[in-house]
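Asker: Here it is, the structure in full.
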Amino acid sequence: MIPESTEFNLNDEACQQDGSPTIADAQLKLAIACVEQRDLDAARRHANIAAKQTTPDWPHLESLGIILFQLSRFSAARCALIQASQNGPLGIEALKVLATLYHRAGEVENAQHCIAAMVQINAIAGPSHPHPDRPKILRLRSVEKSYFGIKTNRKTGLRYCWLKGGHFSSKNLIDRNRFNFYIGTVFGNNPVRPDALPDVDLVVNGVSCPDLDPVGLNNVEAFLANFPDVPVINPPRKVRRTTRAENARRLGVLPHVILPQTELFLLGGPAEAIAAQVDATGLGYPMIVRHRGTQTGKTVEKVDNRSALVEWISAQPPGTEVYATAFVDCRWQDGYYHKSRVFFIDGELFPVASLASDSWQIHSGDRYRIMSSTPSTQADERRFLQDPSAYLGSKALNALHAIRDTIDLDFFGIDFTLDSEGNVIVFEANAAMRHNFDHAENFPYTRPHLERVSEAFSAMIERRAIARTSP
């Protein structure tokens, strides 16, 4: 990760009228050329000089702000883009970058204003020259609860914006060379206008987390009412039923499925009183508590007793919605906790991963902390990927298919483990699971199975789209 420089900061004092726009122009061009040549140190030097030579009305502040962001000069980029926005409307990329920088600074409302402006300008994005023989696919997304985070391009070292929150990523699921691919964004009272769309053959609903973005699901559903005859991947009404609490109620009663009791609470009032409400549900200790709408482990805690629960509640922001789930100790006899993942695509099961950890809270980082130096855990994952039916056994396989029939989405994932009797202990079951190749280089045996997932999703879309247009 490239650290943010503290030696230069574009600010109002730096934006003097006695700067030299001519020098700024030349230095910006040199910075852009250096970026193209992958000489990032030189690019930073030229960008810094350009920033020091700007004036408040310099016409290239927007371009400078974007390149400063790419070079990790976040404070300088933010100042340049704010000044540019005072001179006139920003373009899509500049709005995206400024929204990212506002969110990074904790200015959530300003970030949302930038996102709203983006949607107004470009609610529909698609190919400028659609291929006449390819199906037209529309992916719908909501930005009600989304934000732009910062990632680093591993090949170039440049920073870029990444939309996060409440969606499954289609990057590795949809082969865009096979389709005319459009992205529609719904937000607040400004949904995508149906008259701005081509005659699409299929819609993919990307909103996947009903706990995080129920409003976004409502907006997508309202939009889809304009296209009653167009097939939809993951209809909102089905996604809406995959909250953690609803899953516990629906899936926990299936044969050979264990999904512990899960209850939702609002943190309002004294911590002791809220803890008493939690205890009254009969969950017992230990239990797992987490913020509603989160998929990572950042807000998750295992509390072992009443005092630990009170302490945790006291540390959370008032008004937070929290899930409490009964804890099941599912450590295997090999001493590790295990978490397997499968995707269901058009009803068919695809194995994705099987991780092992010395902690009950298992994440992909455990591949490097535990699995990279433990051949037995890699051998276990290979067995799962190569023959999930044999690995799981008929009892667990039937249980997973029962979950599929209950969830009834075109695409979703299940994170689970097995108990000593072959029952399925479910951690999560929803569409909010990212399909990626992040670890395929270091664990090459996973790649063929990940590629099958990618092909299966694109094939499903192709089948559905062609079926609509065929006689």
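Letters for chains follow the order of the structure tokens (A, B, ...), residue numbers begin at 1 for each chain, and ligand numbers begin at 1 in the order shown.
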If you run DSSP on this backbone, which residues of region 113-291 of chain A come out as helix (DSSP H, G or I), and could you give them as a ChimeraX atom specification?

Answerer: /A:113-121,176-178,194-196,214-224,236-239,244-251,271-280

Asker: Which residue, A:Arg306, A:Leu355, A:Val424, A:Phe384, has the smallest gap to Ser372 (chain A) when you use only C-alpha atoms?

Answerer: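 Closest to Ser372 (chain A), using only C-alpha atoms: A:Leu355.
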
Asker: What's the separation between CA of Ser169 (chain A) and CA of Asn436 (chain A), in Å to one decimal place?

Answerer: 8.7 Å

Asker: Can you pull out the residues contacting Asp229 (chain A)? Cut-off 10 Å, using only C-alpha atoms, and skip same-chain residues under 5 positions away; I want them as a PyMOL selection string.

Answerer: chain A and resi 201-202+224+468

Asker: Considering only C-alpha atoms, state which residue in the set A:Leu101, A:Val35, A:Met118, A:Leu283 is at the smallest distance from Leu158 (chain A).

Answerer: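 Using only C-alpha atoms, Leu158 (chain A) sits closest to A:Val35.
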
Asker: Could you list, as an MDAnalysis selection string, every residue within 10 Å of Thr299 (chain A), counting only C-alpha atoms and ignoring same-chain residues fewer than 4 positions away?

Answerer: chainID A and resid 289:292 294:295 316 322

Asker: So that I can check the surroundings of region 262-274 of chain A, please list as number ranges by chain every protein, DNA and RNA residue that reaches within 10 Å of it, counting only C-alpha atoms and ignoring chain neighbours fewer than 4 positions away.

Answerer: A: 244-249, 278-281, 283, 287-292, 306-307, 309-327

Asker: Among region 27-258 of chain A, which ones does DSSP place in strand (DSSP E or B), written as number ranges by chain?

Answerer: A: 124-125, 136-142, 147-152, 159-164, 167, 180-186, 202-205, 207, 232-233, 257-258

Asker: Would you mind reading off the distance between CA of Gln27 (chain A) and CA of Gln70 (chain A), one decimal, in Å?

Answerer: 15.9 Å

Asker: Which one is closest to Lys29 (chain A): A:Pro56, A:Ala43, A:Met460, A:His129? Count only C-alpha atoms.

Answerer: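 When distances to Lys29 (chain A) are compared using only C-alpha atoms, the smallest one comes from A:Ala43.
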
Asker: So what do you get for CA of Leu163 (chain A) versus CA of Gly149 (chain A), distance-wise?

Answerer: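 Result for CA of Leu163 (chain A) versus CA of Gly149 (chain A): 6.3 Å, one decimal.
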
Asker: Near region 102-106 of chain A, within 9 Å and counting only C-alpha atoms, which residues show up once chain neighbours fewer than 4 positions away are dropped, as a PyMOL selection string?

Answerer: chain A and resi 78+97-98+110-112+114+147-150

Asker: Determine the nearest neighbour of Phe350 (chain A) from the options A:Phe437, A:Phe411, A:Phe427, A:Phe187, counting only C-alpha atoms.

Answerer: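 When distances to Phe350 (chain A) are compared using only C-alpha atoms, the smallest one comes from A:Phe411.
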
Asker: Just the residues within 8 Å of Ile407 (chain A), please, counting only C-alpha atoms, with nothing from its chain fewer than 3 positions along; format it as a PDB file with N, CA and C atoms, in the first residue's frame.

Answerer:
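File written: around-v8.pdb
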```
ATOM      1  N   LYS A 238     -37.872 -12.063  -3.530  1.00  0.00           N
ATOM      2  CA  LYS A 238     -37.218 -13.248  -2.982  1.00  0.00           C
ATOM      3  C   LYS A 238     -35.968 -12.873  -2.190  1.00  0.00           C
ATOM      4  N   ARG A 241     -36.440 -11.873   1.505  1.00  0.00           N
ATOM      5  CA  ARG A 241     -36.681 -12.898   2.528  1.00  0.00           C
ATOM      6  C   ARG A 241     -35.395 -13.567   3.016  1.00  0.00           C
ATOM      7  N   THR A 242     -34.241 -13.013   2.650  1.00  0.00           N
ATOM      8  CA  THR A 242     -32.977 -13.631   3.069  1.00  0.00           C
ATOM      9  C   THR A 242     -32.270 -12.827   4.157  1.00  0.00           C
ATOM     10  N   ILE A 403     -32.314 -26.162   1.274  1.00  0.00           N
ATOM     11  CA  ILE A 403     -32.098 -24.716   1.437  1.00  0.00           C
ATOM     12  C   ILE A 403     -32.278 -24.016   0.094  1.00  0.00           C
ATOM     13  N   ARG A 404     -31.725 -24.617  -0.964  1.00  0.00           N
ATOM     14  CA  ARG A 404     -31.900 -24.039  -2.306  1.00  0.00           C
ATOM     15  C   ARG A 404     -33.379 -23.867  -2.642  1.00  0.00           C
TER      16      ARG A 404
END
```
